[in-house]
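*Asks:* The structure follows.
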Amino acid sequence: MDELMAARSLTTRPVVTLGGDAVAHVKDTVCDAAAERITGFTLTGRGLLSGPLKEGLPWSAVYALGHDAVMIRDRRGLVNAAAMTAHQQNLRARLRGARVLTEAGTEIGTVLDVVVEGGTGGRVVGFRVAASRRFVPGPTRHRRRVYVPRGRTLTFSGRALVLPDGAVRHVADDLPGFTALVGGVPGPWQESLP
């Protein structure tokens, strides 16, 4: 499995050609309606006062998503941003702040961020969640943040994200622990992962 990263960390990441030319910066991540994978990125210019670009970067034009940059072969892969996002969802607008529930109706918490796979994968593998008091007991003021696997199926109901019951049996406190959880470490949670 490639490196896992929070979608929020992709914002302002440079978009660079294999030849070393800086093209733009990531403005936001776009995903398919089922939140299974990244379908592209909206972009901003490189300068301090630069605004959004009319061009977007579809996932098919991404050579690799790395820790420091989004690599593309050349500028020819960029497309009209409006056309690219017409049937897709802005990850932040769709998921951040959404309630997370299990199929059995247990409230898990609220989505803080989305965890995606880097490299050439682009899969949405889980969520960083502000855990509810019932799910993780403790004072509300210092609510615990946990990483929850996505599971095989995912349903949106209004502003609620419904995960399979098995996806939340095991959670991680940090991104390295979550990487171990979903990256092939043997355990019962594997049945619930995509």
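Chain lettering (A, B, ...) mirrors the order of the structure tokens, residue numbering begins at 1 for each chain separately, and ligand numbering begins at 1 in order of display.
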Based on DSSP run over this structure's backbone, return all residues of chain A in strand (DSSP E), as a PyMOL selection string.
*Replies:* chain A and resi 4-6+14-17+22-31+38-44+52-58+62-65+70-72+79-80+89-90+99-102+107-117+124-131+145-149+155-157+160-163
*Asks:* Find the residues near Glu103 in chain A: any atom within 9 Å, counting only C-alpha atoms, skip ones fewer than 3 places away on the same chain, and give them as a list in words.
*Replies:* Thr106, Val162, Leu163, Pro164 and Asp165 of chain A
*Asks:* Let me see the file: selected residues, C-alpha atoms, as a compact mmCIF listing (two decimals), in the first residue's frame.
*Replies:*
```
# COMPACT_ATOMS: atom_id res chain seq x y z
CA THR A 106 -24.49 3.86 16.40
CA VAL A 162 -23.20 5.44 7.03
CA LEU A 163 -20.40 2.88 7.41
CA PRO A 164 -20.64 -0.91 7.74
CA ASP A 165 -20.70 -2.06 11.37
```
*Asks:* What is the distance between CA of Ala83 in chain A and CA of Ala34 in chain A, in Å to one decimal?
*Replies:*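 Straight-line distance from CA of Ala83 in chain A to CA of Ala34 in chain A works out to 18.9 Å.
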*Asks:* Set the distance at 12 Å and use only C-alpha atoms: which residues neighbour Leu95 in chain A once local chain neighbours fewer than 2 positions away are removed? I'd like the list as number ranges by chain.
*Replies:* A: 7-8, 29-35, 89-93, 97-100, 110-115, 124, 126-129, 154-162
